[in-house]
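Undergrad: Next comes the structure file run-v3.txt, holding compact mmCIF, C-alpha atoms.
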# COMPACT_ATOMS: atom_id res chain seq x y z
CA MET A 24 45.72 138.36 -42.36
CA LEU A 25 46.62 135.37 -44.52
CA LYS A 26 43.34 134.49 -46.17
CA LEU A 27 44.34 131.54 -48.30
CA LYS A 28 46.43 129.76 -45.70
CA ASN A 29 46.84 126.50 -47.55
CA VAL A 30 47.85 127.85 -50.94
CA LYS A 31 51.31 126.56 -51.72
CA SER A 32 51.86 127.44 -55.35
CA CYS A 33 50.75 129.68 -58.19
CA PHE A 34 50.81 128.98 -61.91
CA THR A 35 50.49 131.30 -64.89
CA PRO A 36 49.95 128.95 -67.85
CA ASN A 37 50.42 130.11 -71.42
CA SER A 38 47.65 128.02 -72.93
CA ILE A 39 44.19 126.75 -72.04
CA GLN A 40 45.44 123.18 -72.36
CA GLU A 41 48.25 123.84 -69.91
CA ALA A 42 45.80 125.45 -67.48
CA ILE A 43 43.45 122.49 -67.65
CA ASP A 44 46.31 120.01 -67.23
CA ILE A 45 47.46 121.76 -64.05
CA HIS A 46 43.89 121.78 -62.79
CA LYS A 47 43.40 118.07 -63.52
CA LYS A 48 46.66 117.11 -61.82
CA SER A 49 45.75 119.05 -58.68
CA GLY A 50 43.04 116.57 -57.73
CA GLY A 51 40.50 119.30 -57.08
CA LYS A 52 42.87 121.43 -55.03
CA ALA A 53 43.50 124.09 -57.69
CA VAL A 54 41.30 126.96 -58.70
CA PHE A 55 41.29 129.11 -61.83
CA VAL A 56 41.76 132.77 -61.04
CA GLY A 57 40.29 135.44 -63.31
CA GLY A 58 40.21 138.59 -61.19
CA GLY A 59 40.40 136.71 -57.90
CA LEU A 60 37.82 138.75 -56.03
CA ASP A 61 35.59 135.94 -54.79
CA ILE A 62 38.61 133.77 -53.97
CA THR A 63 39.93 136.39 -51.56
CA VAL A 64 36.57 137.47 -50.17
CA PHE A 65 35.35 133.90 -49.62
CA PRO A 66 38.59 131.96 -49.08
CA ASN A 67 38.32 128.21 -49.40
CA PRO A 68 40.76 126.32 -47.15
CA ALA A 69 40.76 123.37 -49.57
CA ILE A 70 42.57 125.42 -52.22
CA GLU A 71 46.29 124.69 -52.52
CA GLN A 72 47.06 125.99 -56.00
CA LEU A 73 46.12 129.11 -57.91
CA ILE A 74 46.02 129.06 -61.70
CA PHE A 75 46.12 132.61 -63.07
CA LEU A 76 44.49 133.00 -66.46
CA ASP A 77 46.19 136.30 -67.36
CA LYS A 78 48.36 134.91 -70.16
CA LEU A 79 45.61 133.10 -72.09
CA GLY A 80 44.73 136.09 -74.26
CA LEU A 81 41.14 136.24 -73.04
CA THR A 82 40.80 139.96 -72.34
CA TYR A 83 39.39 140.79 -75.77
CA ILE A 84 36.11 142.52 -76.55
CA ARG A 85 35.39 142.10 -80.25
CA ASP A 86 32.75 143.59 -82.47
CA ASP A 87 32.01 140.62 -84.71
CA VAL A 88 29.35 139.82 -87.29
CA GLY A 89 26.12 139.42 -85.32
CA ASN A 90 27.89 139.16 -81.98
CA ILE A 91 29.89 141.00 -79.40
CA LYS A 92 32.55 138.58 -78.23
CA ILE A 93 33.87 139.13 -74.73
CA GLY A 94 36.84 137.17 -73.38
CA ALA A 95 36.59 135.57 -69.97
CA THR A 96 39.27 137.69 -68.30
CA ALA A 97 37.88 141.00 -69.57
CA THR A 98 36.86 142.98 -66.50
CA ILE A 99 33.60 144.80 -66.09
CA THR A 100 35.52 148.05 -66.55
CA ASP A 101 36.99 146.72 -69.81
CA VAL A 102 33.50 145.89 -71.03
CA THR A 103 31.94 149.23 -70.05
CA LYS A 104 34.76 151.13 -71.76
CA ALA A 105 34.78 149.10 -74.97
CA PRO A 106 33.69 151.18 -77.98
CA VAL A 107 31.25 148.48 -79.11
CA MET A 108 29.36 148.67 -75.81
CA GLN A 109 28.76 152.42 -75.87
CA ASN A 110 25.64 152.23 -78.04
CA TYR A 111 24.80 148.56 -77.58
CA LEU A 112 21.05 148.46 -76.87
CA LYS A 113 21.12 152.26 -76.64
CA GLY A 114 23.88 152.15 -74.04
CA LYS A 115 21.60 150.47 -71.47
CA VAL A 116 23.81 147.41 -70.98
CA LYS A 117 26.79 149.63 -70.34
CA ILE A 118 24.76 151.55 -67.76
CA ALA A 119 23.64 148.32 -66.09
CA LEU A 120 27.23 147.13 -65.77
CA THR A 121 28.50 150.54 -64.64
CA GLU A 122 25.99 150.58 -61.81
CA LEU A 123 27.07 147.32 -60.27
CA ALA A 124 29.58 147.27 -57.40
CA SER A 125 32.17 150.05 -57.24
CA GLU A 126 34.80 151.22 -59.71
CA LEU A 127 37.39 149.51 -57.48
CA LEU A 128 35.66 146.16 -57.79
CA ARG A 129 34.61 146.54 -61.42
CA ASN A 130 38.34 146.81 -62.20
CA GLN A 131 38.80 143.34 -60.72
CA ILE A 132 35.61 141.41 -61.51
CA THR A 133 35.89 139.40 -64.72
CA MET A 134 33.08 138.21 -66.95
CA GLY A 135 34.38 134.62 -66.93
CA GLY A 136 34.69 134.50 -63.16
CA SER A 137 31.15 135.74 -62.73
CA ILE A 138 29.84 133.12 -65.13
CA ALA A 139 31.92 130.15 -63.96
CA ARG A 140 31.29 130.67 -60.26
CA HIS A 141 27.53 131.13 -60.70
CA HIS A 142 27.41 133.10 -57.46
CA PHE A 143 23.95 133.69 -56.12
CA TYR A 144 24.71 137.37 -55.59
CA SER A 145 25.96 138.13 -59.11
CA ASP A 146 24.51 141.21 -60.76
CA ILE A 147 26.04 140.20 -64.06
CA LEU A 148 24.13 136.96 -64.53
CA PRO A 149 20.66 138.58 -64.75
CA VAL A 150 22.03 140.79 -67.53
CA ILE A 151 23.50 137.80 -69.41
CA TYR A 152 20.27 135.83 -68.95
CA ALA A 153 18.12 138.64 -70.32
CA LEU A 154 20.49 139.15 -73.26
CA ARG A 155 20.43 135.40 -73.96
CA GLY A 156 24.20 135.30 -73.82
CA LYS A 157 26.09 132.34 -75.16
CA ILE A 158 28.76 130.92 -72.89
CA MET A 159 31.88 129.60 -74.56
CA VAL A 160 33.83 126.86 -72.81
CA SER A 161 36.98 125.10 -73.89
CA ASP A 162 38.75 121.90 -72.93
CA GLY A 163 41.91 123.17 -74.57
CA GLU A 164 41.12 121.67 -77.94
CA LEU A 165 37.49 122.36 -78.76
CA VAL A 166 35.29 125.31 -77.92
CA GLU A 167 31.70 124.49 -77.03
CA GLU A 168 28.86 126.98 -77.01
CA PHE A 169 25.95 126.93 -74.57
CA PHE A 170 23.02 129.28 -74.25
CA VAL A 171 23.21 130.63 -70.73
CA ASP A 172 20.10 128.70 -69.64
CA ASP A 173 21.58 125.43 -70.92
CA PHE A 174 24.97 126.19 -69.43
CA TYR A 175 23.55 126.27 -65.93
CA ARG A 176 21.70 123.00 -66.48
CA ASN A 177 25.14 121.33 -66.50
CA ASP A 178 26.70 120.04 -63.33
CA LEU A 179 29.18 122.91 -63.17
CA LYS A 180 31.45 121.11 -60.72
CA VAL A 181 31.94 118.32 -63.24
CA LEU A 182 32.14 120.56 -66.32
CA MET A 183 34.65 122.93 -64.74
CA GLU A 184 36.96 120.03 -63.88
CA THR A 185 37.84 119.69 -67.56
CA HIS A 186 36.82 122.99 -69.12
CA ILE A 187 37.41 126.71 -68.75
CA VAL A 188 34.91 129.44 -69.52
CA VAL A 189 36.71 131.30 -72.29
CA GLY A 190 34.14 133.95 -73.09
CA VAL A 191 30.61 135.10 -73.59
CA HIS A 192 28.95 136.12 -76.83
CA LEU A 193 26.15 138.67 -76.84
CA ASN A 194 23.82 138.92 -79.82
CA LYS A 195 23.70 142.26 -81.54
CA TYR A 196 20.08 143.33 -81.43
CA ASP A 197 18.47 145.76 -83.84
CA ASP A 198 16.63 148.94 -82.86
CA SER A 199 13.38 147.07 -82.24
CA PHE A 200 14.90 145.69 -79.01
CA GLN A 201 14.93 147.52 -75.70
CA PHE A 202 16.83 146.60 -72.55
CA GLY A 203 16.44 147.56 -68.93
CA SER A 204 17.81 146.41 -65.61
CA LYS A 205 17.30 147.21 -61.93
CA ARG A 206 18.93 146.18 -58.66
CA PHE A 207 17.85 146.73 -55.08
CA VAL A 208 20.83 147.74 -52.93
CA ARG A 209 21.70 150.19 -50.17
CA ASN A 210 25.19 151.02 -51.41
CA ALA A 211 27.62 150.21 -54.19
CA THR A 212 29.22 147.16 -52.63
CA ASP A 213 26.05 145.67 -51.20
CA ILE A 214 24.83 142.32 -52.44
CA ALA A 215 21.63 143.14 -54.30
CA LEU A 216 18.64 141.73 -52.48
CA LEU A 217 16.87 141.54 -55.80
CA ASN A 218 17.92 142.20 -59.37
CA MET A 219 15.97 142.06 -62.58
CA ALA A 220 16.57 142.62 -66.30
CA ILE A 221 14.30 142.66 -69.35
CA LEU A 222 15.08 142.49 -73.06
CA ALA A 223 12.04 143.10 -75.25
CA GLN A 224 11.51 143.27 -78.99
CA ILE A 225 8.76 145.79 -79.67
CA GLU A 226 7.39 146.26 -83.17
CA GLU A 227 4.47 148.61 -83.77
CA ASP A 228 3.85 148.65 -80.01
CA ILE A 229 3.51 144.86 -79.88
CA ILE A 230 5.88 142.88 -77.68
CA LYS A 231 7.07 140.35 -80.21
CA ASP A 232 9.65 138.70 -78.03
CA VAL A 233 10.89 139.14 -74.51
CA SER A 234 13.30 137.64 -72.01
CA ILE A 235 13.14 138.45 -68.33
CA SER A 236 15.55 137.48 -65.59
CA VAL A 237 15.16 137.76 -61.86
CA GLY A 238 17.65 137.13 -59.08
CA SER A 239 16.44 137.09 -55.50
CA ARG A 240 18.93 136.32 -52.78
CA PRO A 241 20.00 133.79 -51.74
CA GLY A 242 18.93 132.25 -55.03
CA PRO A 243 20.86 132.79 -58.27
CA ALA A 244 19.29 134.53 -61.25
CA TYR A 245 16.75 132.63 -63.35
CA ARG A 246 14.52 133.24 -66.39
CA PHE A 247 11.06 134.43 -65.40
CA GLU A 248 9.36 132.41 -68.13
CA GLN A 249 5.82 132.93 -66.84
CA GLY A 250 6.36 136.68 -67.13
CA GLU A 251 7.69 136.28 -70.64
CA ALA A 252 4.62 134.26 -71.68
CA PHE A 253 2.36 136.90 -70.11
CA LEU A 254 3.89 139.73 -72.15
CA ARG A 255 4.56 138.02 -75.46
CA GLY A 256 2.25 139.23 -78.23
CA LYS A 257 0.61 141.95 -76.16
CA LYS A 258 0.40 145.63 -76.97
CA LEU A 259 2.79 147.69 -74.86
CA THR A 260 0.71 150.26 -73.03
CA LYS A 261 0.62 151.87 -69.62
CA GLU A 262 -2.26 149.52 -68.75
CA LEU A 263 -0.19 146.48 -69.72
CA ALA A 264 2.64 147.74 -67.49
CA GLU A 265 0.18 147.96 -64.61
CA ASP A 266 -1.23 144.50 -65.34
CA PHE A 267 2.28 143.14 -65.48
CA GLU A 268 3.02 144.72 -62.13
CA SER A 269 0.17 142.69 -60.60
CA PHE A 270 1.13 139.56 -62.51
CA THR A 271 4.73 139.79 -61.34
CA LYS A 272 3.68 140.34 -57.75
CA SER A 273 1.64 137.14 -57.80
CA ASN A 274 3.92 134.96 -59.88
CA VAL A 275 7.55 135.93 -59.45
CA ASP A 276 9.58 133.41 -57.48
CA VAL A 277 11.58 135.33 -54.91
CA THR A 278 13.07 132.07 -53.66
CA LYS A 279 13.21 132.52 -49.91
CA ASP A 280 12.35 134.80 -47.09
CA MET A 281 15.78 136.34 -46.39
CA HIS A 282 16.39 139.75 -44.79
CA LEU A 283 13.15 141.17 -46.10
CA CYS A 284 9.88 139.28 -46.29
CA LYS A 285 8.74 137.48 -49.41
CA GLU A 286 5.87 139.91 -49.95
CA TYR A 287 8.22 142.90 -49.93
CA ARG A 288 10.51 141.27 -52.47
CA GLN A 289 7.54 140.45 -54.68
CA HIS A 290 6.49 144.08 -54.35
CA ILE A 291 9.96 145.31 -55.39
CA ALA A 292 10.01 142.92 -58.36
CA SER A 293 6.57 144.10 -59.47
CA ILE A 294 7.58 147.77 -59.28
CA TYR A 295 10.74 147.08 -61.26
CA ALA A 296 8.78 145.13 -63.86
CA LYS A 297 6.35 148.00 -64.31
CA GLU A 298 9.06 150.67 -64.37
CA MET A 299 11.07 148.90 -67.03
CA LEU A 300 8.02 148.51 -69.28
CA LEU A 301 7.14 152.17 -68.79
CA ASP A 302 10.70 153.08 -69.71
CA PHE A 303 10.25 151.09 -72.91
CA ILE A 304 7.14 153.12 -73.74
CA GLY A 305 9.10 156.30 -73.29
CA GLY A 306 9.40 157.17 -69.67
CA VAL A 307 5.70 157.73 -68.97
CA ARG A 308 5.17 157.14 -65.26
CA MET B 16 57.94 132.79 -53.63
CA LYS B 17 59.39 136.03 -54.99
CA VAL B 18 57.64 138.76 -56.92
CA CYS B 19 58.83 142.07 -58.29
CA TYR B 20 56.84 145.29 -58.23
CA SER B 21 57.68 148.86 -58.99
CA VAL B 22 56.29 150.68 -55.94
CA ASN B 23 56.04 154.44 -56.29
CA GLY B 24 58.57 154.31 -59.09
CA LYS B 25 61.13 152.10 -57.33
CA LYS B 26 61.62 148.50 -58.45
CA LYS B 27 61.73 146.06 -55.56
CA GLU B 28 61.66 142.34 -54.97
CA PHE B 29 59.31 140.96 -52.34
CA GLU B 30 59.13 137.58 -50.66
CA ILE B 31 55.46 136.57 -50.49
CA LYS B 32 53.31 133.64 -49.51
CA ALA B 33 51.40 132.17 -52.46
CA GLY B 34 47.97 132.93 -50.99
CA GLU B 35 48.72 136.44 -49.71
CA VAL B 36 46.89 139.57 -50.74
CA LEU B 37 48.76 142.66 -51.88
CA LEU B 38 47.71 144.71 -48.85
CA ASP B 39 49.55 142.40 -46.46
CA VAL B 40 52.69 142.34 -48.56
CA LEU B 41 52.79 146.14 -48.76
CA ARG B 42 52.20 146.70 -45.06
CA ARG B 43 54.73 144.04 -44.06
CA ASN B 44 57.28 145.90 -46.14
CA GLY B 45 56.63 149.25 -44.52
CA TYR B 46 53.99 150.81 -46.76
CA PHE B 47 51.79 151.71 -43.80
CA GLU B 48 50.02 154.40 -45.79
CA VAL B 49 47.99 151.53 -47.30
CA LYS B 50 45.29 150.91 -44.69
CA GLY B 51 43.76 147.55 -43.87
CA ASN B 52 40.19 147.48 -42.68
CA CYS B 53 37.36 145.37 -44.12
CA TYR B 54 39.41 142.78 -46.05
CA MET B 55 36.38 142.28 -48.29
CA GLY B 56 36.69 145.07 -50.85
CA THR B 57 33.83 147.00 -49.37
CA CYS B 58 35.45 150.05 -47.73
CA GLY B 59 38.21 151.15 -50.13
CA ALA B 60 40.69 152.10 -47.38
CA CYS B 61 43.36 149.83 -48.86
CA THR B 62 43.15 151.29 -52.37
CA VAL B 63 46.31 151.38 -54.46
CA LEU B 64 46.81 152.03 -58.14
CA ILE B 65 47.97 149.00 -60.09
CA ASP B 66 49.26 150.02 -63.50
CA GLY B 67 47.26 153.22 -63.11
CA LEU B 68 43.90 151.71 -62.16
CA PRO B 69 42.51 151.77 -58.61
CA TYR B 70 41.98 148.42 -56.86
CA THR B 71 41.28 147.27 -53.33
CA SER B 72 44.60 145.70 -52.35
CA CYS B 73 42.85 143.55 -49.72
CA THR B 74 41.20 141.53 -52.48
CA MET B 75 44.10 141.44 -54.94
CA LEU B 76 46.31 138.38 -54.82
CA ALA B 77 49.90 139.53 -54.50
CA ALA B 78 51.19 136.87 -56.89
CA LYS B 79 48.72 137.90 -59.59
CA VAL B 80 50.19 141.38 -59.98
CA ASP B 81 53.82 140.30 -60.21
CA GLY B 82 55.63 142.77 -62.46
CA SER B 83 53.12 145.58 -61.97
CA GLU B 84 53.56 149.24 -61.15
CA ILE B 85 52.00 150.00 -57.80
CA THR B 86 51.26 153.49 -56.57
CA THR B 87 50.36 154.31 -52.99
CA ILE B 88 49.34 157.72 -51.68
CA LYS B 89 53.03 158.51 -51.12
CA GLY B 90 53.63 157.99 -54.82
CA ILE B 91 51.53 160.95 -55.93
CA GLY B 92 52.82 163.61 -53.55
CA THR B 93 54.94 164.23 -50.49
CA LEU B 94 54.74 166.45 -47.41
CA GLN B 95 57.15 168.80 -49.11
CA LYS B 96 55.41 168.70 -52.46
CA PRO B 97 51.81 167.56 -52.04
CA HIS B 98 49.63 166.76 -55.02
CA PRO B 99 46.79 169.25 -55.66
CA LEU B 100 44.35 166.60 -54.41
CA GLN B 101 46.21 166.39 -51.11
CA LYS B 102 46.25 170.19 -50.80
CA ALA B 103 42.59 170.42 -51.67
CA PHE B 104 41.56 167.77 -49.13
CA VAL B 105 43.29 169.77 -46.38
CA GLU B 106 41.92 173.10 -47.61
CA LYS B 107 38.33 171.84 -47.81
CA GLY B 108 38.40 170.02 -44.47
CA ALA B 109 37.89 166.68 -46.18
CA VAL B 110 40.27 164.93 -43.79
CA GLN B 111 39.35 164.11 -40.22
CA CYS B 112 40.82 160.91 -38.80
CA GLY B 113 42.50 160.35 -42.17
CA PHE B 114 42.18 156.58 -42.24
CA CYS B 115 40.13 156.42 -45.43
CA THR B 116 41.81 159.44 -47.07
CA PRO B 117 44.66 157.70 -48.95
CA GLY B 118 42.18 155.44 -50.70
CA ILE B 119 39.80 158.24 -51.54
CA ILE B 120 42.56 160.44 -52.93
CA LEU B 121 43.94 157.64 -55.09
CA VAL B 122 40.50 156.93 -56.54
CA ALA B 123 40.03 160.66 -57.17
CA TYR B 124 43.50 160.74 -58.76
CA ALA B 125 42.47 158.00 -61.18
CA LEU B 126 39.26 159.89 -61.94
CA LEU B 127 41.02 163.18 -62.72
CA LYS B 128 43.53 161.44 -64.97
CA ASN B 129 40.70 160.37 -67.28
CA ASN B 130 38.18 163.10 -66.58
CA PRO B 131 39.79 166.44 -65.74
CA ASP B 132 36.46 168.21 -65.34
CA PRO B 133 34.19 165.82 -63.41
CA THR B 134 30.64 166.64 -62.37
CA ASP B 135 29.41 166.03 -58.83
CA ASP B 136 27.75 162.89 -60.15
CA ASP B 137 30.99 161.63 -61.74
CA ILE B 138 32.78 162.13 -58.42
CA LYS B 139 30.04 160.46 -56.38
CA LYS B 140 29.99 157.46 -58.70
CA MET B 141 33.76 157.11 -58.65
CA LEU B 142 33.98 157.36 -54.85
CA ASP B 143 31.11 154.92 -54.39
CA GLY B 144 33.42 152.19 -53.10
CA ASN B 145 35.20 154.32 -50.49
CA LEU B 146 33.58 154.65 -47.09
CA CYS B 147 34.26 157.47 -44.63
CA ARG B 148 32.87 157.33 -41.12
CA CYS B 149 33.79 160.78 -39.83
CA THR B 150 34.11 163.62 -42.32
CA GLY B 151 31.15 162.88 -44.51
CA TYR B 152 31.23 163.11 -48.23
CA VAL B 153 30.34 166.70 -49.13
CA GLN B 154 33.79 168.07 -48.34
CA GLN B 155 35.42 165.29 -50.33
CA ILE B 156 33.41 166.16 -53.41
CA GLU B 157 34.30 169.81 -52.95
CA ALA B 158 37.96 168.88 -52.55
CA VAL B 159 38.02 166.84 -55.76
CA LYS B 160 36.44 169.76 -57.63
CA LEU B 161 38.98 172.17 -56.17
CA ALA B 162 41.84 169.85 -57.13
CA ALA B 163 40.46 169.67 -60.67
CA LYS B 164 40.59 173.49 -60.81
CA MET B 165 44.13 173.53 -59.43
CA LEU B 166 45.25 170.97 -61.99
CA LYS B 167 43.69 172.97 -64.80
CA LYS B 168 45.71 175.97 -63.69
CA GLY B 169 48.81 173.82 -63.90
CA ASP B 170 49.36 173.55 -60.14
CA GLU B 171 51.16 170.19 -59.99
What do you get writing this file as structure tokens?
TA:
Amino acid sequence: MLKLKNVKSCFTPNSIQEAIDIHKKSGGKAVFVGGGLDITVFPNPAIEQLIFLDKLGLTYIRDDVGNIKIGATATITDVTKAPVMQNYLKGKVKIALTELASELLRNQITMGGSIARHHFYSDILPVIYALRGKIMVSDGELVEEFFVDDFYRNDLKVLMETHIVVGVHLNKYDDSFQFGSKRFVRNATDIALLNMAILAQIEEDIIKDVSISVGSRPGPAYRFEQGEAFLRGKKLTKELAEDFESFTKSNVDVTKDMHLCKEYRQHIASIYAKEMLLDFIGGVR
Amino acid sequence: MKVCYSVNGKKKEFEIKAGEVLLDVLRRNGYFEVKGNCYMGTCGACTVLIDGLPYTSCTMLAAKVDGSEITTIKGIGTLQKPHPLQKAFVEKGAVQCGFCTPGIILVAYALLKNNPDPTDDDIKKMLDGNLCRCTGYVQQIEAVKLAAKMLKKGDE
């Protein structure tokens, strides 16, 4: 079964500049290939050229001052096995990434591909949103940095004509921060109907800072800012978790009524919101 | 275009189309032990090892893995000298129609390479991407555990 019937040539450039030049010359008929999963699963007949990014040296995962720097072609498996990720936010980010898709697919999915494609079904984007990841893009000469929220305010079609996502930087958070994530699926390779992640800074039981992301299909992940405002400055208790459950149920935007009704999705989101807060308290259910 | 792979230890050149996936190239060249089914990476029947890691060959662009070492189920054992995993799958009744079995064994092979003493949970998580519609999964887990024991005893 020839999936990409119109592909005529493949390129493996040795530099970002070379990759971008090939892309520009293609007149919109070339596509950058990180792992290539979405390109083969959702083949686009308009594609005539494939630009493999394997030789750009972007598979690194570096433990840097204040940041974990992850190259765009690092796979999810690479990230979950990296020494720096083992205890990052008490190992919770590693667990979140290990639970998405299957080992077979995690070996192929790249961080850059997930970010650049902005697929509605991505389980990686809610994690990056909650962690306030910084997306690094390059035009071959300069590297620009965008907070994930700002990155998706760009017209990606235009930006990706002249730039490549070269990596993502994750802040190193101290022990006052806790992270949790949840996804609603039937099996490993299912598209999650709903996914959610929370990063919270808790000092003396007070939620000093928090970021929450929600993805509800067919919409892509977004920051649940109302939820963040609701929690910020409050004392983390079992009662607050229950209040937040109700708040989430009433206020979370589950985008559309797809597969399961809106009310059910709101219910799932509210349960996840409560469970993650209870986990932050210490597993009291 | 031409690519070169080492398949089951033998270097070979293959003529491919630029947009082809690895599964199609392998089957066209006689590697029928690699099964095609979902073509979406969801069933795991087409699993091969690429440089030692398991991938769904139906989602892997053939041109992308030029120069790689590819291992199919025939690369880990033969009828005459089966791998402990292959023996264990027969012994535990973990094979029925057999369509999904090559993929499952290759994923289990990759697991045991890195984790010679896996728990049930480790096995379940690793086999999460491989679907079986007839045998069920209990026998497969038992088979992987038996193979781990055989390998510990040095039964290669």
Undergrad: Select, as a list in words, those residues of chain B with any atom no more than 7 Å from chain A (distances computed using only C-alpha atoms).
TA: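 Those within range of chain A come out as Ala33, Gly34, Glu35, Asp39, Met55, Thr57, Pro69, Tyr70, Thr71, Thr74, Met75, Leu76, Lys79, Met141, Asp143 and Gly144 of chain B.
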Undergrad: Neighbourhood query: residues within 12 Å of (11.8, 144.6, -79.1), file coordinates, counting all atoms listed in the file; return as a VMD selection string.
TA: chain A and resid 112 154 196 to 203 221 to 234 254 to 259 300 303 to 304
Undergrad: Dump C-alpha atoms for the selected residues as a PDB file, in the frame of the given file?
TA:
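Once written, again-v1.pdb looks like this:
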ATOM      1  CA  LEU A 112      21.050 148.460 -76.870  1.00  0.00           C
ATOM      2  CA  LEU A 154      20.490 139.150 -73.260  1.00  0.00           C
ATOM      3  CA  TYR A 196      20.080 143.330 -81.430  1.00  0.00           C
ATOM      4  CA  ASP A 197      18.470 145.760 -83.840  1.00  0.00           C
ATOM      5  CA  ASP A 198      16.630 148.940 -82.860  1.00  0.00           C
ATOM      6  CA  SER A 199      13.380 147.070 -82.240  1.00  0.00           C
ATOM      7  CA  PHE A 200      14.900 145.690 -79.010  1.00  0.00           C
ATOM      8  CA  GLN A 201      14.930 147.520 -75.700  1.00  0.00           C
ATOM      9  CA  PHE A 202      16.830 146.600 -72.550  1.00  0.00           C
ATOM     10  CA  GLY A 203      16.440 147.560 -68.930  1.00  0.00           C
ATOM     11  CA  ILE A 221      14.300 142.660 -69.350  1.00  0.00           C
ATOM     12  CA  LEU A 222      15.080 142.490 -73.060  1.00  0.00           C
ATOM     13  CA  ALA A 223      12.040 143.100 -75.250  1.00  0.00           C
ATOM     14  CA  GLN A 224      11.510 143.270 -78.990  1.00  0.00           C
ATOM     15  CA  ILE A 225       8.760 145.790 -79.670  1.00  0.00           C
ATOM     16  CA  GLU A 226       7.390 146.260 -83.170  1.00  0.00           C
ATOM     17  CA  GLU A 227       4.470 148.610 -83.770  1.00  0.00           C
ATOM     18  CA  ASP A 228       3.850 148.650 -80.010  1.00  0.00           C
ATOM     19  CA  ILE A 229       3.510 144.860 -79.880  1.00  0.00           C
ATOM     20  CA  ILE A 230       5.880 142.880 -77.680  1.00  0.00           C
ATOM     21  CA  LYS A 231       7.070 140.350 -80.210  1.00  0.00           C
ATOM     22  CA  ASP A 232       9.650 138.700 -78.030  1.00  0.00           C
ATOM     23  CA  VAL A 233      10.890 139.140 -74.510  1.00  0.00           C
ATOM     24  CA  SER A 234      13.300 137.640 -72.010  1.00  0.00           C
ATOM     25  CA  LEU A 254       3.890 139.730 -72.150  1.00  0.00           C
ATOM     26  CA  ARG A 255       4.560 138.020 -75.460  1.00  0.00           C
ATOM     27  CA  GLY A 256       2.250 139.230 -78.230  1.00  0.00           C
ATOM     28  CA  LYS A 257       0.610 141.950 -76.160  1.00  0.00           C
ATOM     29  CA  LYS A 258       0.400 145.630 -76.970  1.00  0.00           C
ATOM     30  CA  LEU A 259       2.790 147.690 -74.860  1.00  0.00           C
ATOM     31  CA  LEU A 300       8.020 148.510 -69.280  1.00  0.00           C
ATOM     32  CA  PHE A 303      10.250 151.090 -72.910  1.00  0.00           C
ATOM     33  CA  ILE A 304       7.140 153.120 -73.740  1.00  0.00           C
TER      34      ILE A 304
END
Undergrad: Name the closest residue to Asp132 in chain B among the candidates B:Ala77, B:Ala109, B:Ile31, B:Ala162; distances are taken between atoms, counting all atoms listed in the file.
TA: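 Using all atoms listed in the file, the shortest distance to Asp132 in chain B belongs to B:Ala162.
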Undergrad: Excluding same-chain residues fewer than 6 positions from Glu164 in chain A, what lies within 10 Å of it counting all atoms listed in the file, as an mmCIF file with C-alpha atoms, keeping the file's coordinate frame?
TA:
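Output contents, as saved in result-v1.cif:
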data_model
loop_
_atom_site.group_PDB
_atom_site.id
_atom_site.type_symbol
_atom_site.label_atom_id
_atom_site.label_comp_id
_atom_site.auth_asym_id
_atom_site.auth_seq_id
_atom_site.Cartn_x
_atom_site.Cartn_y
_atom_site.Cartn_z
ATOM 1 C CA ILE A 39 44.190 126.750 -72.040
ATOM 2 C CA GLN A 40 45.440 123.180 -72.360
ATOM 3 C CA HIS A 186 36.820 122.990 -69.120
#
Undergrad: So which one's closest to Thr86 in chain B, B:Val63, B:Leu100, B:Val122, B:Leu38? Using only C-alpha atoms, please.
TA: B:Val63
Undergrad: Quick one: pull the distance between CA of Ala97 in chain A and CA of Gly190 in chain A, Å, one decimal.
TA: 8.7 Å
Undergrad: Between A:Ala42, A:Met159, A:Ala153, A:Ala69, which one has atoms that come closest to Ala139 in chain A, using all atoms listed in the file?
TA: A:Met159
Undergrad: Just want the 9 Å neighbourhood of Leu166 in chain B, counted on all atoms listed in the file, with same-chain residues fewer than 2 positions away dropped. Output as a VMD selection string.
TA: chain B and resid 99 to 100 127 131 161 to 164 168 to 171
Undergrad: Which residues are close to Lys117 in chain A, i.e. within 9 Å by all atoms listed in the file, leaving aside same-chain residues fewer than 4 positions away? Reply as a PyMOL selection string.
TA: chain A and resi 102-104+108-113+121-122
Undergrad: What separation in Å, quoted to one decimal, exists between CA of Ala95 in chain A and CA of Tyr83 in chain A?
TA: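 Atom-to-atom, CA of Ala95 in chain A to CA of Tyr83 in chain A, that is 8.3 Å.
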Undergrad: Pick out the residues sitting within 8 Å of Ile88 in chain B, and hand them over as a list in words; count only C-alpha atoms, and ignore anything fewer than 4 positions along from it in its own chain.
TA: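 Here the qualifying residues turn out to be Glu48, Val49, Val63, Gly92, Pro117, Gly118, Ile120 and Leu121 of chain B.
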Undergrad: Restricted to C-alpha atoms, what would the selected residues look like written as a tab-separated table (two decimals), in the coordinates of the input?
TA:
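File result_19.tsv, as written:
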chain	number	residue	atom	x	y	z
B	48	GLU	CA	50.02	154.40	-45.79
B	49	VAL	CA	47.99	151.53	-47.30
B	63	VAL	CA	46.31	151.38	-54.46
B	92	GLY	CA	52.82	163.61	-53.55
B	117	PRO	CA	44.66	157.70	-48.95
B	118	GLY	CA	42.18	155.44	-50.70
B	120	ILE	CA	42.56	160.44	-52.93
B	121	LEU	CA	43.94	157.64	-55.09
Undergrad: Interatomic distance between CA of Glu184 in chain A and CA of Ile158 in chain A?
TA: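 Between CA of Glu184 in chain A and CA of Ile158 in chain A the gap works out to 16.3 Å.
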